[in-house]
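Input: a single structure, listed below in structure tokens.
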Amino acid sequence: MTRLISQGSVVADRWTLLRDATTLADLPDGAPAIVPLALWLRHRAALIARGEVGVLLGPADEPGAIAPDLGWIPVIAVDFPQFTDGRGYSEARLLRERHGYVGELRAVGDVARDQLCLLGQVGFDSFALPGERDLGAALAGLADFSDGYQSAYRRTPWYRRRTAAAAPAGAVPPPCA
Amino acid sequence: MYRYDAFDHRLVAERVAQFRDQTRRYLAGELSDDEFRPLRLQNGLYVQKHAPMLRVAIPYGLLSSLHLRVLAHIGRAYDRGYGHVTTRQNLQFNWPALERVPDILAELAAVGMHAIQTSGNCIRNVTSDHFAGVAGDEVVDPRPYCELVRQWSTLHPEFAFLPRKFKIAITGATSDRAAILVHDIGLQAVRGDDGAIGFRVAVGGGLGRTPIVGHVIREFLPRDEILNYLDAILRVYNLHGRRDNKYKARIKILVKERAPAAFAAEVEAEWRQLAGGPATVPDDEFARLEAHFTAPPYEALPADDAGYRAARADNRAFDRWASRNVHPHKVPGYAVVTVSLKRTGVAPGDITSAQMDAVAALADRHSFGELRVSHEQNLILADVRQRDLQALWESLRALGFATPTVGLLTDVVCCPGGDFCSLANAKSIPIAEAIQRRFDDLDYLHDVGELDVNISGCMNACGHHHVGHIGILGVDKNGSEWYQVTIGGTQGHGAAIGKVIGPSFAAADMPDVVARLVETYVARRHDDERFVDTVHRLGIEPFREAVYDPAHQPR
């Protein structure tokens with residue numbers, strides 16, 4: 001089974017990513033599967049009934065399209081065709097902060113350790129790193145930065161925490177999930 | 001000026017450590033060229049014709065004498081003893097060794113400097129008015145807002161991989177000395193009817209291949225909403241800006257394709273979702289930032305220093321320098337001084353390490369230990385007593401920094417061009433030098449008056465040629481270097497893009513071409529009319545004729 005980084009550690013991946021699935025017949029029997037947004041939108045009710053189905057969002061997909069279904073979706077994968085295509089960062093913040101998604105948010109595609117900390121800050125909590133031989137070493141990328149100035153997922157901007165932090169024992173929440 | 005606290009220092013130190021590890025992995029072959037490129041660019045590191053080039057940020061142009069001394073040290077220890085002031089308030093080193101760049105960054109970090117986001121498809125160094133805080137026409141001091149935006153943009157997790165580079169300029173004065181209308185976002189700090197501070201927001205300006213003057217999408221944005229609004233603009237751009245063609249990827253193309261009103265409506269809709277949210281800036285943060293930019297301990301002085309006036313009357317050379325390189329200051333008895341980096345024979349903007357140390361000492365002696373770099377590639381000493389001007393002038397003359405031509409046609413703004421840059425189609429520094437050599441008569445230069453000459457070695461327009469009164473663009477024709485000329489460009493609130501006068505010229509013809517343009521102006525100008533005003537009044541035709549008519553054919 002493939003391994004990936006999830007919630008800050010290296011784990012076995014129980015999900016199969018079906019990038020090219022176009023019909024329900026493409027899904028393996030009972031096994032957890034992530035399907036493209038188009039398939040989800042077409043067979044929404046059947047897939048919710050089946051369970052163990054996640055959704056893959058491409059860089060041009062609109063996160064609002066699955067807003068009503070977020071309570072039913074255990075994992076959303078956001079695709080990075082090239083790591084220099086940064087649309088997925090905005091999609092993540094919209095899913096987390098605008099639509100209130102609390103399930104697993106996974107970065108897939110051209111993702112490497114040098115993006116992990118940024119991805120973590122916008123709300124990703126799992127990362128498939130296909131090109132990475134040493135996932136354990138890549139984990140360190142999550143901690144490249146201990147904090148940040150801006151408002152981000154589950155992080156109040158530093159300028160609103162500064163005064164509180166000046167007091168003793170002011171706890172700073174970790175920004176990189 | 002802004003002083004880093006422990007939080008700022010920690011983030012920059014972490015960036016150095018991250019880049020050190022990325023460089024190590026690249027040198028060990030664990031990262032390919034393609035993988036390393038965006039990572040190094042986000043830290044200002046290019047690989048150029050002869051060597052890597054490291055671009056260090058001078059955020060909104062402000063630096064201390066200590067900063068300048070550290071830059072001098074880096075020039076000596078890691079480069080060939082000089083640096084180059086750019087047109088975007090950065091300082092570039094042209095010859096560092098790649099494997100030593102992490103050490104350079106560590107030395108910068110120790111004094112609160114960095115090269116973060118000075119290149120790459122991300123939010124670049126924030127630029128501003130080089131007279132911020134001392135100009136008489138200032139409505140709001142832009143520096144606290146510049147620092148706020150610097151912090152917001154630094155390592156912003158959502159906007160590290162934009163479709164293309166993104167430049168923000170901020171001003172707070174009536175006249176725009178930061179060219180805000182040719183930036184991706186131009187912010188003008190203003191006061192509302194009740195005195196409250198806010199911003200006039202322009203979007204979608206830019207030079208490069210498609211020069212466009214920015215569109216104002218909001219007349220007044222309350223200051224506490226500024227970061228929500230910037231997040232909204234950047235989010236719309238990040239999600240919808242074109243990624244299929246790098247020449248159409250800047251926000252100006254999105255604004256144009258959507259139409260400014262429709263783009264503004266999208267931004268406003270996104271902003272309404274964010275307004276009042278966690279990124280809203282509280283008053284105590286503004287107060288904290290403002291406290292970093294308080295006035296230095298000025299002396300109470302007469303508005304007009306008698307000794308200074310007498311010295312100008314006595315000494316023609318000093319008077320000439322004072323008329324061009326000294327600018328009014330809002331505090332009586334003080335003046336703002338431009339340290340000219342435009343001496344003939346030296347590439348515009350170049351400064352040696354020894355000169356940096358010497359100017360740092362002058363800043364300590366005459367200007368409370370602070371300096372600015374201007375986007376016109378000069379240095380500024382912002383707080384000089386009028387009575388010290390003559391002594392300062394003599395010190396600057398000894399350094400070769402008193403060329404009395406600020407704002408005149410030999411104060412050429414010029415990119416590094418084909419001598420250094422891999423992107424260039426043509427050399428630009430030799431053209432600047434040829435023009436400076438041709439126009440070496442100071443009386444004539446002063447009579448011709450204000451005339452911005454801007455030279456870029458390629459379409460990327462680092463020399464801002466589109467907004468030069470005379471703009472010169474290097475083009476490649478069948479492998480040889482040619483120069484296209486535009487006239488009538490201007491910066492500021494009336495920003496305009498220059499018009500091409502006709503077919504391009506060989507390098508050797510350029511001084512004559514400029515001479516014909518200037519002669520035409522001198523013959524046709526009205527009283528007190530600048531070159532660019534005459535061009536706007538008459539149109540380009542008489543100038544075109546003078547340059548191309550066989551009767552006037554240069555040599």
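Letters A, B, ... go to the chains of the structure tokens in the order shown; residues in each chain start at 1; ligands are counted from 1 in the same order.
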When DSSP is applied to the backbone of this structure, which of range 8-74 of chain A are assigned strand (DSSP E)? Write them out as a PyMOL selection string. chain A and resi 9-12+16-17+33-36+53-57
Using only C-alpha atoms and a cut-off of 7 Å, which residues of chain B sit close to chain A? Please list them as a list in words.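 For chain B, the answer reads Leu11, Glu14, Gln18, Gln151, Trp152, His156, Pro157, Glu158, Phe161, Leu162, Arg235, Asn238, Leu239, Pro278, Ala279 and Glu285 of chain B.
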Close residues, Leu389 in chain B itself excluded, 10 Å, only C-alpha atoms, min 6 positions apart in chain, as a PyMOL selection string: chain B and resi 307-308+311+318+322+326+334-337+366+395
Please produce an output containing N, CA and C atoms for each residue in the selection, written as a CSV table (one decimal), in the first residue's frame.
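Listed below is the output, selection21.csv:
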chain,number,residue,atom,x,y,z
B,307,GLY,N,23.6,81.2,5.6
B,307,GLY,CA,24.9,80.7,5.1
B,307,GLY,C,24.7,79.9,3.8
B,308,TYR,N,23.7,79.1,3.8
B,308,TYR,CA,23.4,78.3,2.6
B,308,TYR,C,23.1,79.2,1.4
B,311,ALA,N,26.2,80.8,0.2
B,311,ALA,CA,27.1,79.9,-0.5
B,311,ALA,C,26.6,79.6,-1.9
B,318,PHE,N,28.1,74.8,-6.8
B,318,PHE,CA,27.3,74.4,-5.7
B,318,PHE,C,25.8,74.8,-5.9
B,322,ALA,N,22.6,72.4,-6.0
B,322,ALA,CA,21.5,72.6,-5.1
B,322,ALA,C,20.2,72.8,-5.9
B,326,VAL,N,18.9,69.0,-4.5
B,326,VAL,CA,18.4,69.4,-3.2
B,326,VAL,C,16.9,69.6,-3.3
B,334,TYR,N,15.6,72.3,7.1
B,334,TYR,CA,16.1,71.0,6.6
B,334,TYR,C,15.9,70.9,5.1
B,335,ALA,N,16.6,69.9,4.5
B,335,ALA,CA,16.5,69.7,3.0
B,335,ALA,C,16.7,68.2,2.8
B,336,VAL,N,16.2,67.8,1.6
B,336,VAL,CA,16.3,66.4,1.2
B,336,VAL,C,17.4,66.4,0.0
B,337,VAL,N,18.3,65.5,0.1
B,337,VAL,CA,19.4,65.5,-0.9
B,337,VAL,C,19.4,64.2,-1.7
B,366,HIS,N,25.0,63.3,8.7
B,366,HIS,CA,24.1,64.4,8.3
B,366,HIS,C,22.6,64.0,8.2
B,395,SER,N,31.8,66.5,0.2
B,395,SER,CA,32.0,65.1,0.5
B,395,SER,C,31.5,64.3,-0.7
Excluding Trp95 in chain B and any residue of its chain fewer than 4 positions from it, enumerate the residues within 8 Å of it, using only C-alpha atoms, and give them as a list of chain:residue names. B:His50, B:Ala51, B:Pro52, B:Met53, B:Tyr78, B:Asp79, B:Arg80
For Arg96 in chain A, find every residue with an atom within 7 Å (counting only C-alpha atoms), except residues of its own chain fewer than 5 positions away, and show them as a PyMOL selection string. chain A and resi 101-102+123
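The gap separating CA of Val126 in chain B from CA of Tyr60 in chain B is 5.5 Å, in Å to one decimal.
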Glu52 in chain A environment, 10 Å, only C-alpha atoms, sequence neighbours closer than 2 positions dropped, as a PyMOL selection string: chain A and resi 15+30-34+47-50+54+72-75
Quick one: residues within 12 Å of Ala515 in chain B, only C-alpha atoms counted, chain neighbours fewer than 5 positions away excluded, as a PyMOL selection string? chain B and resi 409+434-439+444-445+448+470+509-510+520-522+543+546-547+552-554
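Nearest to Pro130 in chain A of all the residues A:Leu95, A:Thr2, A:Val78, A:Gln7 is A:Thr2, based on only C-alpha atoms.
For the set B:Glu268, B:Asp141, B:Asp533, B:Asp184, the residue with the smallest atom-to-atom gap to Cys122 in chain B is B:Asp184, counting only C-alpha atoms.
Here CA of Ala264 in chain B and CA of Pro81 in chain A stand 29.1 Å from one another.
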Among the residues of range 162-345 of chain B, find those DSSP assigns to helix (DSSP H, G or I) from the backbone and print them as a ChimeraX atom specification. /B:180-182,223-240,246-248,251-258,260-274,283-293,306-314,316-325
Using only C-alpha atoms, which of the listed residues (B:Thr338, B:Gln188, B:Asn228, B:Gln484) sits closest to Leu371 in chain B?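 Selected residue with least distance to Leu371 in chain B: B:Thr338.
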